[in-house]
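What follows is the content of input-v5.csv, which has CSV, C-alpha atoms:
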```csv
chain,number,residue,atom,x,y,z
A,1005,MET,CA,119.8,134.7,99.5
A,1006,ASN,CA,122.2,132.7,97.3
A,1007,LYS,CA,119.9,132.1,94.4
A,1008,LEU,CA,121.9,129.2,92.9
A,1009,LYS,CA,122.1,127.4,96.3
A,1010,ALA,CA,118.4,127.9,96.8
A,1011,MET,CA,117.7,126.3,93.4
A,1012,GLU,CA,120.0,123.3,94.3
A,1013,VAL,CA,118.2,122.9,97.7
A,1014,PHE,CA,114.7,123.1,96.0
A,1015,ILE,CA,115.8,120.5,93.4
A,1016,SER,CA,117.0,118.2,96.2
A,1017,VAL,CA,113.7,118.6,98.0
A,1018,VAL,CA,111.7,117.6,94.9
A,1019,GLU,CA,113.9,114.7,94.0
A,1020,GLU,CA,114.3,113.4,97.6
A,1021,GLY,CA,110.6,113.9,98.4
A,1022,SER,CA,111.2,115.4,101.8
A,1023,PHE,CA,113.1,118.1,103.6
A,1024,THR,CA,114.9,115.4,105.6
A,1025,GLY,CA,116.2,113.7,102.5
A,1026,ALA,CA,117.3,117.0,101.0
A,1027,ALA,CA,119.1,118.0,104.2
A,1028,LYS,CA,121.1,114.8,104.1
A,1029,LYS,CA,121.9,115.2,100.4
A,1030,GLU,CA,122.9,118.9,100.8
A,1031,ASP,CA,124.7,118.2,104.1
A,1032,MET,CA,122.8,120.8,106.0
A,1033,SER,CA,120.1,120.9,108.7
A,1034,VAL,CA,116.4,120.4,108.0
A,1035,VAL,CA,115.8,123.9,109.5
A,1036,MET,CA,118.2,125.4,106.9
A,1037,VAL,CA,116.4,123.5,104.1
A,1038,ALA,CA,113.1,124.9,105.3
A,1039,LYS,CA,114.6,128.4,105.5
A,1040,TYR,CA,115.8,128.2,101.9
A,1041,ILE,CA,112.4,127.1,100.6
A,1042,ASN,CA,110.5,129.7,102.6
A,1043,ASN,CA,112.8,132.5,101.4
A,1044,LEU,CA,112.5,131.2,97.8
A,1045,GLU,CA,108.7,131.2,98.0
A,1046,LYS,CA,108.7,134.7,99.4
A,1047,THR,CA,111.0,135.9,96.7
A,1048,LEU,CA,109.0,134.3,93.9
A,1049,LYS,CA,105.7,135.3,95.6
A,1050,THR,CA,104.2,131.8,95.0
A,1051,ASP,CA,103.9,128.4,96.7
A,1052,LEU,CA,106.3,125.9,95.2
A,1053,LEU,CA,105.3,123.1,97.6
A,1054,GLN,CA,102.1,122.0,99.3
A,1055,ARG,CA,103.0,120.7,102.7
A,1056,THR,CA,101.1,118.9,105.4
A,1057,THR,CA,102.3,117.0,108.5
A,1058,ARG,CA,102.3,113.7,106.5
A,1059,SER,CA,102.9,114.6,102.9
A,1060,MET,CA,104.4,117.0,100.4
A,1061,MET,CA,103.4,117.8,96.8
A,1062,VAL,CA,105.0,120.0,94.2
A,1063,THR,CA,102.6,122.7,92.9
A,1064,SER,CA,102.3,123.5,89.2
A,1065,ALA,CA,104.4,126.6,89.7
A,1066,GLY,CA,106.9,124.4,91.7
A,1067,GLN,CA,107.1,122.0,88.8
A,1068,LEU,CA,107.8,124.8,86.3
A,1069,PHE,CA,110.5,126.2,88.6
A,1070,TYR,CA,112.0,122.8,89.2
A,1071,GLU,CA,112.4,122.2,85.4
A,1072,SER,CA,113.9,125.6,84.8
A,1073,ALA,CA,116.2,125.3,87.8
A,1074,GLN,CA,117.5,122.0,86.6
A,1075,GLY,CA,118.6,123.5,83.3
A,1076,ILE,CA,120.2,126.5,85.0
A,1077,ILE,CA,122.2,124.3,87.4
A,1078,ALA,CA,123.3,122.0,84.6
A,1079,ASN,CA,124.6,125.0,82.7
A,1080,VAL,CA,126.4,126.3,85.7
A,1081,ASN,CA,128.0,122.9,86.2
A,1082,GLN,CA,129.0,122.8,82.6
A,1083,ALA,CA,130.7,126.2,82.9
A,1084,TYR,CA,132.7,125.0,85.9
A,1085,GLU,CA,133.7,121.9,84.0
A,1086,ALA,CA,134.9,124.0,81.1
A,1087,MET,CA,137.1,126.0,83.5
A,1088,GLU,CA,138.4,122.8,85.1
A,1089,GLY,CA,139.3,121.6,81.6
A,1090,LEU,CA,141.8,124.6,81.4
A,1091,ASN,CA,143.7,123.1,84.3
A,1092,ASN,CA,145.3,119.8,83.4
A,1093,GLU,CA,145.5,118.8,87.1
A,1094,PRO,CA,142.3,116.9,88.1
A,1095,GLN,CA,140.5,118.6,91.0
A,1096,GLY,CA,137.0,119.2,92.4
A,1097,LEU,CA,134.2,116.9,93.4
A,1098,LEU,CA,133.6,113.6,91.6
A,1099,ARG,CA,130.3,111.9,92.3
A,1100,ILE,CA,130.1,108.2,91.6
A,1101,SER,CA,127.3,105.7,91.8
A,1102,ALA,CA,127.9,101.9,92.0
A,1103,PRO,CA,126.0,98.7,93.0
A,1104,MET,CA,126.8,97.6,96.5
A,1105,THR,CA,128.9,94.5,96.0
A,1106,VAL,CA,130.8,95.9,93.0
A,1107,GLY,CA,131.2,99.1,94.9
A,1108,LYS,CA,132.6,97.5,98.0
A,1109,GLU,CA,134.8,94.9,96.4
A,1110,ILE,CA,136.1,96.7,93.3
A,1111,VAL,CA,135.2,100.4,93.1
A,1112,GLY,CA,136.1,101.2,96.7
A,1113,PRO,CA,139.7,100.1,96.3
A,1114,ILE,CA,140.1,101.8,92.9
A,1115,VAL,CA,138.8,105.1,94.4
A,1116,ALA,CA,141.1,104.8,97.3
A,1117,GLU,CA,144.1,104.4,95.1
A,1118,PHE,CA,142.9,107.1,92.7
A,1119,MET,CA,142.7,109.6,95.5
A,1120,GLN,CA,146.3,108.9,96.5
A,1121,ILE,CA,147.4,109.8,93.0
A,1122,TYR,CA,145.1,112.9,92.6
A,1123,PRO,CA,144.7,114.4,96.1
A,1124,GLN,CA,142.9,117.5,94.7
A,1125,VAL,CA,139.9,115.4,93.7
A,1126,ARG,CA,137.2,114.9,96.3
A,1127,ILE,CA,135.1,111.7,95.9
A,1128,GLU,CA,131.4,111.1,96.8
A,1129,LEU,CA,130.8,107.4,96.3
A,1130,VAL,CA,127.2,106.3,96.7
A,1131,LEU,CA,126.5,102.5,96.9
A,1132,ASN,CA,123.0,101.1,96.3
A,1133,ASN,CA,121.4,98.7,93.9
A,1134,SER,CA,119.0,101.2,92.4
A,1135,VAL,CA,119.6,102.6,88.9
A,1136,ALA,CA,120.9,106.1,89.2
A,1137,ASP,CA,119.8,108.9,86.8
A,1138,LEU,CA,123.2,110.5,86.2
A,1139,ILE,CA,121.8,113.8,84.9
A,1140,ALA,CA,118.9,114.3,87.3
A,1141,GLU,CA,120.9,113.1,90.4
A,1142,GLY,CA,124.1,114.9,89.5
A,1143,TYR,CA,126.5,112.0,89.2
A,1144,ASP,CA,129.6,112.3,87.1
A,1145,CYS,CA,129.7,108.5,86.4
A,1146,ALA,CA,128.1,105.2,87.4
A,1147,PHE,CA,129.0,101.6,87.3
A,1148,ARG,CA,126.2,99.4,86.0
A,1149,ILE,CA,125.7,95.7,85.7
A,1150,GLY,CA,123.7,94.1,82.7
A,1151,ASP,CA,122.5,95.2,79.4
A,1152,LEU,CA,122.2,99.0,78.8
A,1153,LYS,CA,119.1,100.8,77.9
A,1154,ASP,CA,120.2,104.5,78.2
A,1155,TYR,CA,122.0,105.0,74.8
A,1156,ALA,CA,122.4,108.7,75.5
A,1157,LEU,CA,125.3,107.9,77.8
A,1158,VAL,CA,128.9,106.9,77.0
A,1159,ALA,CA,129.5,103.3,78.1
A,1160,LYS,CA,133.0,101.8,78.7
A,1161,PRO,CA,133.0,98.0,79.1
A,1162,LEU,CA,135.0,96.9,82.1
A,1163,PHE,CA,134.6,93.1,82.8
A,1164,LEU,CA,132.0,90.3,83.0
A,1165,TYR,CA,130.0,89.8,86.1
A,1166,ARG,CA,130.2,86.0,86.5
A,1167,MET,CA,128.2,84.2,89.1
A,1168,ILE,CA,129.4,81.1,91.1
A,1169,ILE,CA,127.3,78.6,93.0
A,1170,CYS,CA,129.1,77.2,96.0
A,1171,ALA,CA,128.8,75.8,99.6
A,1172,THR,CA,131.2,74.6,102.2
A,1173,PRO,CA,132.4,71.0,102.3
A,1174,GLU,CA,130.7,70.6,105.7
A,1175,TYR,CA,127.4,71.7,104.3
A,1176,LEU,CA,127.7,69.2,101.4
A,1177,ARG,CA,128.6,66.4,103.9
A,1178,GLN,CA,125.4,67.1,105.9
A,1179,HIS,CA,123.0,67.8,103.0
A,1180,GLY,CA,124.4,66.2,99.9
A,1181,THR,CA,125.5,67.7,96.6
A,1182,PRO,CA,122.8,68.9,94.2
A,1183,ALA,CA,123.2,67.1,90.8
A,1184,GLY,CA,121.1,69.7,88.9
A,1185,PRO,CA,119.0,72.9,89.4
A,1186,GLU,CA,115.9,70.9,90.2
A,1187,ALA,CA,117.7,69.6,93.3
A,1188,LEU,CA,118.1,73.1,94.8
A,1189,SER,CA,114.5,73.1,96.0
A,1190,GLN,CA,115.6,70.5,98.5
A,1191,HIS,CA,118.4,72.6,99.9
A,1192,ARG,CA,118.9,75.6,102.2
A,1193,LEU,CA,119.5,78.6,99.9
A,1194,LEU,CA,121.0,82.0,100.6
A,1195,ILE,CA,119.7,84.6,98.3
A,1196,HIS,CA,120.0,88.3,97.5
A,1197,SER,CA,116.9,90.4,98.2
A,1198,THR,CA,117.0,92.1,94.8
A,1199,TRP,CA,116.8,88.8,92.8
A,1200,ASN,CA,113.0,88.9,92.5
A,1201,SER,CA,113.1,92.3,90.8
A,1202,ARG,CA,115.3,93.5,88.0
A,1203,PHE,CA,118.4,91.7,89.2
A,1204,ALA,CA,116.9,88.2,88.7
A,1205,TRP,CA,119.6,85.6,87.8
A,1206,ASN,CA,118.3,82.5,86.0
A,1207,LEU,CA,120.2,79.2,85.8
A,1208,ARG,CA,120.6,77.6,82.3
A,1209,GLU,CA,119.9,74.1,81.1
A,1210,GLY,CA,119.8,73.1,77.5
A,1211,GLY,CA,119.4,76.7,76.3
A,1212,SER,CA,116.4,77.3,78.7
A,1213,ASP,CA,116.3,79.5,81.7
A,1214,ILE,CA,115.5,78.0,85.1
A,1215,ALA,CA,114.5,80.3,87.9
A,1216,TRP,CA,116.5,80.2,91.1
A,1217,PRO,CA,114.2,78.6,93.7
A,1218,ASN,CA,112.7,80.9,96.3
A,1219,ASN,CA,112.9,78.5,99.3
A,1220,TRP,CA,115.5,80.5,101.0
A,1221,VAL,CA,116.7,80.3,104.7
A,1222,MET,CA,118.4,83.7,104.5
A,1223,LYS,CA,117.7,86.7,102.3
A,1224,SER,CA,119.9,89.9,102.4
A,1225,ASN,CA,120.7,92.9,100.3
A,1226,ASP,CA,124.4,92.5,101.2
A,1227,GLY,CA,126.6,89.9,99.5
A,1228,TYR,CA,129.1,89.9,102.3
A,1229,ALA,CA,126.5,88.9,104.8
A,1230,LEU,CA,125.4,86.0,102.5
A,1231,ARG,CA,129.0,84.9,102.1
A,1232,ASP,CA,129.5,84.8,105.8
A,1233,ALA,CA,126.4,82.7,106.2
A,1234,ALA,CA,127.7,80.3,103.5
A,1235,LEU,CA,131.1,80.0,105.2
A,1236,ALA,CA,129.3,79.0,108.4
A,1237,SER,CA,127.7,76.1,106.5
A,1238,ASN,CA,124.2,77.6,106.5
A,1239,GLY,CA,123.4,76.9,102.9
A,1240,ILE,CA,124.1,77.2,99.2
A,1241,LEU,CA,125.2,80.5,97.8
A,1242,MET,CA,125.2,82.1,94.4
A,1243,GLN,CA,127.3,85.3,94.3
A,1244,PRO,CA,129.8,86.9,91.8
A,1245,HIS,CA,133.1,85.1,91.3
A,1246,PHE,CA,135.2,88.1,92.6
A,1247,LEU,CA,133.4,87.9,96.0
A,1248,VAL,CA,134.2,84.2,96.7
A,1249,LYS,CA,137.3,83.5,94.6
A,1250,ASP,CA,139.7,83.5,97.6
A,1251,GLU,CA,137.4,81.2,99.6
A,1252,ILE,CA,137.2,78.8,96.6
A,1253,ALA,CA,140.9,78.9,96.1
A,1254,SER,CA,141.5,78.0,99.7
A,1255,GLY,CA,138.9,75.2,99.7
A,1256,ARG,CA,136.6,76.8,102.2
A,1257,LEU,CA,133.9,76.9,99.5
A,1258,VAL,CA,133.3,74.3,96.8
A,1259,THR,CA,131.8,75.2,93.4
A,1260,LEU,CA,128.6,73.6,92.3
A,1261,LEU,CA,126.4,73.2,89.2
A,1262,GLU,CA,129.1,74.7,86.9
A,1263,ASP,CA,127.2,73.5,83.8
A,1264,PHE,CA,124.1,75.4,84.8
A,1265,LEU,CA,125.5,78.9,85.8
A,1266,PRO,CA,123.7,82.0,84.7
A,1267,LYS,CA,125.0,83.8,81.6
A,1268,PRO,CA,127.6,86.4,82.7
A,1269,ARG,CA,126.5,90.1,82.4
A,1270,PRO,CA,128.7,93.0,81.3
A,1271,VAL,CA,129.8,95.7,83.8
A,1272,HIS,CA,130.1,99.2,82.3
A,1273,LEU,CA,131.3,102.6,83.5
A,1274,LEU,CA,128.8,105.2,82.3
A,1275,TYR,CA,129.0,109.0,82.0
A,1276,ALA,CA,127.3,111.7,80.0
A,1277,PRO,CA,128.9,113.0,76.8
A,1278,LYS,CA,131.0,116.1,77.5
A,1279,LYS,CA,131.5,119.2,75.4
A,1280,ASN,CA,134.7,120.0,77.2
A,1281,ASP,CA,137.6,118.1,78.8
A,1282,VAL,CA,137.0,117.4,82.5
A,1283,PRO,CA,140.3,116.2,83.9
A,1284,LYS,CA,138.9,114.7,87.1
A,1285,LEU,CA,136.5,112.5,85.1
A,1286,ASP,CA,138.8,111.8,82.2
A,1287,LYS,CA,141.6,110.6,84.5
A,1288,PHE,CA,139.2,108.5,86.6
A,1289,VAL,CA,137.8,106.8,83.5
A,1290,GLN,CA,141.3,106.0,82.3
A,1291,PHE,CA,142.3,104.7,85.7
A,1292,VAL,CA,139.3,102.5,86.0
A,1293,MET,CA,139.8,101.0,82.5
A,1294,GLN,CA,143.4,100.3,83.5
A,1295,LYS,CA,142.6,98.6,86.8
A,1296,CYS,CA,139.8,96.5,85.3
A,1297,GLU,CA,141.8,95.2,82.4
A,1298,GLY,CA,141.8,91.4,82.4
A,1299,MET,CA,139.5,91.3,85.5
A,1300,GLU,CA,137.1,88.4,86.0
```
Represent the structure contained in this file as structure tokens.
Amino acid sequence: MNKLKAMEVFISVVEEGSFTGAAKKEDMSVVMVAKYINNLEKTLKTDLLQRTTRSMMVTSAGQLFYESAQGIIANVNQAYEAMEGLNNEPQGLLRISAPMTVGKEIVGPIVAEFMQIYPQVRIELVLNNSVADLIAEGYDCAFRIGDLKDYALVAKPLFLYRMIICATPEYLRQHGTPAGPEALSQHRLLIHSTWNSRFAWNLREGGSDIAWPNNWVMKSNDGYALRDAALASNGILMQPHFLVKDEIASGRLVTLLEDFLPKPRPVHLLYAPKKNDVPKLDKFVQFVMQKCEGME
């Protein structure tokens, strides 16, 4: 049994909470994951997991092994990074986390161009709106919107995430133009499904925050779907400027309530401090900084 691989599989099982999730993360079958865990428990002569048909729990021995295995894998990765640093040519796997809309509209094209320049680098780009734990989840870097709380990470400021409120001329002809935030409650609204959690965007009036009304006609976790609904004159949209700038420039969407827009939030590229040069990450950070310069 490959001991390091068994550790990686076990770590994935614990962090994903299931064999199925670990299999997806490790790109192997559920049967193979189970085989690794069974062999690991036989070798260690102890149960690492308590499993039933409906649930799975980590035993006290499993928790101890998980914490030790995390440190070992981190050291192994650091050793590989040190060796990669001896070679000035970027190569190897680069794991990146990004929010969905930023990832699709900005990070995706940057990654595609970066891979053309550095073909020896393999990219795993994971898009979701949850906050990734870079160390625990094994990411090399992450794009993050808003104020930063993890001061242990290196943070490179990229651009401001500026929101725009807009609708089609046809929608405004049918339903009228809101004169202020209070009028939004009388309109058909298209909202993002994360706004009621940590991604809430508040309007501003006279220095006070005003909550975006919850009387929506469509809610989605995808900004592109919301933009399509707005372009079909289904309602009023609030989304980042970079997502609707072309439609606004062409007149297909009209900006609204410009004096009440939410305060822009910074977008950063985050990564853990490094003891050694890692060309794949160093070059990517430089490339991103260059591409995002002057971006709105």
For the contact check between stretch 1081-1168 of chain A and stretch 1019-1035 of chain A, emit one row per residue of stretch 1081-1168 of chain A within 12 Å, containing the shortest atom pair and the distance in Å rounded to one decimal, counting only C-alpha atoms, chain then rising number order, as CSV.
```
residue,atom,partner,partner_atom,distance
A:Glu1128,CA,A:Lys1029,CA,11.0
A:Val1130,CA,A:Lys1029,CA,11.0
A:Asp1137,CA,A:Glu1019,CA,11.0
A:Ala1140,CA,A:Glu1019,CA,8.4
A:Glu1141,CA,A:Glu1019,CA,8.0
A:Gly1142,CA,A:Lys1029,CA,11.1
```
**Study point:** Contacts of stretch 1208-1222 of chain A at 6 Å (only C-alpha atoms; same-chain gap of 3+ positions) as a VMD selection string
**Key:** chain A and resid 1189 1192 to 1194 1264 1266
Selection above as a file: C-alpha atoms, as a PDB file, keeping the file's coordinate frame:
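To be explicit, this is the file written out as part.pdb:
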```pdb
ATOM      1  CA  SER A1189     114.500  73.100  96.000  1.00  0.00           C
ATOM      2  CA  ARG A1192     118.900  75.600 102.200  1.00  0.00           C
ATOM      3  CA  LEU A1193     119.500  78.600  99.900  1.00  0.00           C
ATOM      4  CA  LEU A1194     121.000  82.000 100.600  1.00  0.00           C
ATOM      5  CA  PHE A1264     124.100  75.400  84.800  1.00  0.00           C
ATOM      6  CA  PRO A1266     123.700  82.000  84.700  1.00  0.00           C
TER       7      PRO A1266
END
```
Exercise for review: Select, counting all atoms listed in the file, all protein, DNA and RNA residues no farther than 9 Å from (126.8, 71.9, 104.7) in file coordinates, and express the selection as a PyMOL selection string.
Suggested key: chain A and resi 1171-1180+1234+1236-1240
Check your understanding: What's the 9 Å shell around A:Ser1101, counting all atoms listed in the file, without same-chain residues fewer than 5 positions away, as an MDAnalysis selection string?
Key -> chainID A and resid 1107 1128:1132 1135:1136 1138 1143:1148
Check your understanding: By how many Å are atom CA of A:Ala1233 and atom CA of A:Leu1247 apart?
Key -> 13.4 Å
Check your understanding: Do you have the atom CA of A:Glu1262-atom CA of A:Ile1169 distance handy?
Key ->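 Here the two named atoms are 7.5 Å from each other.
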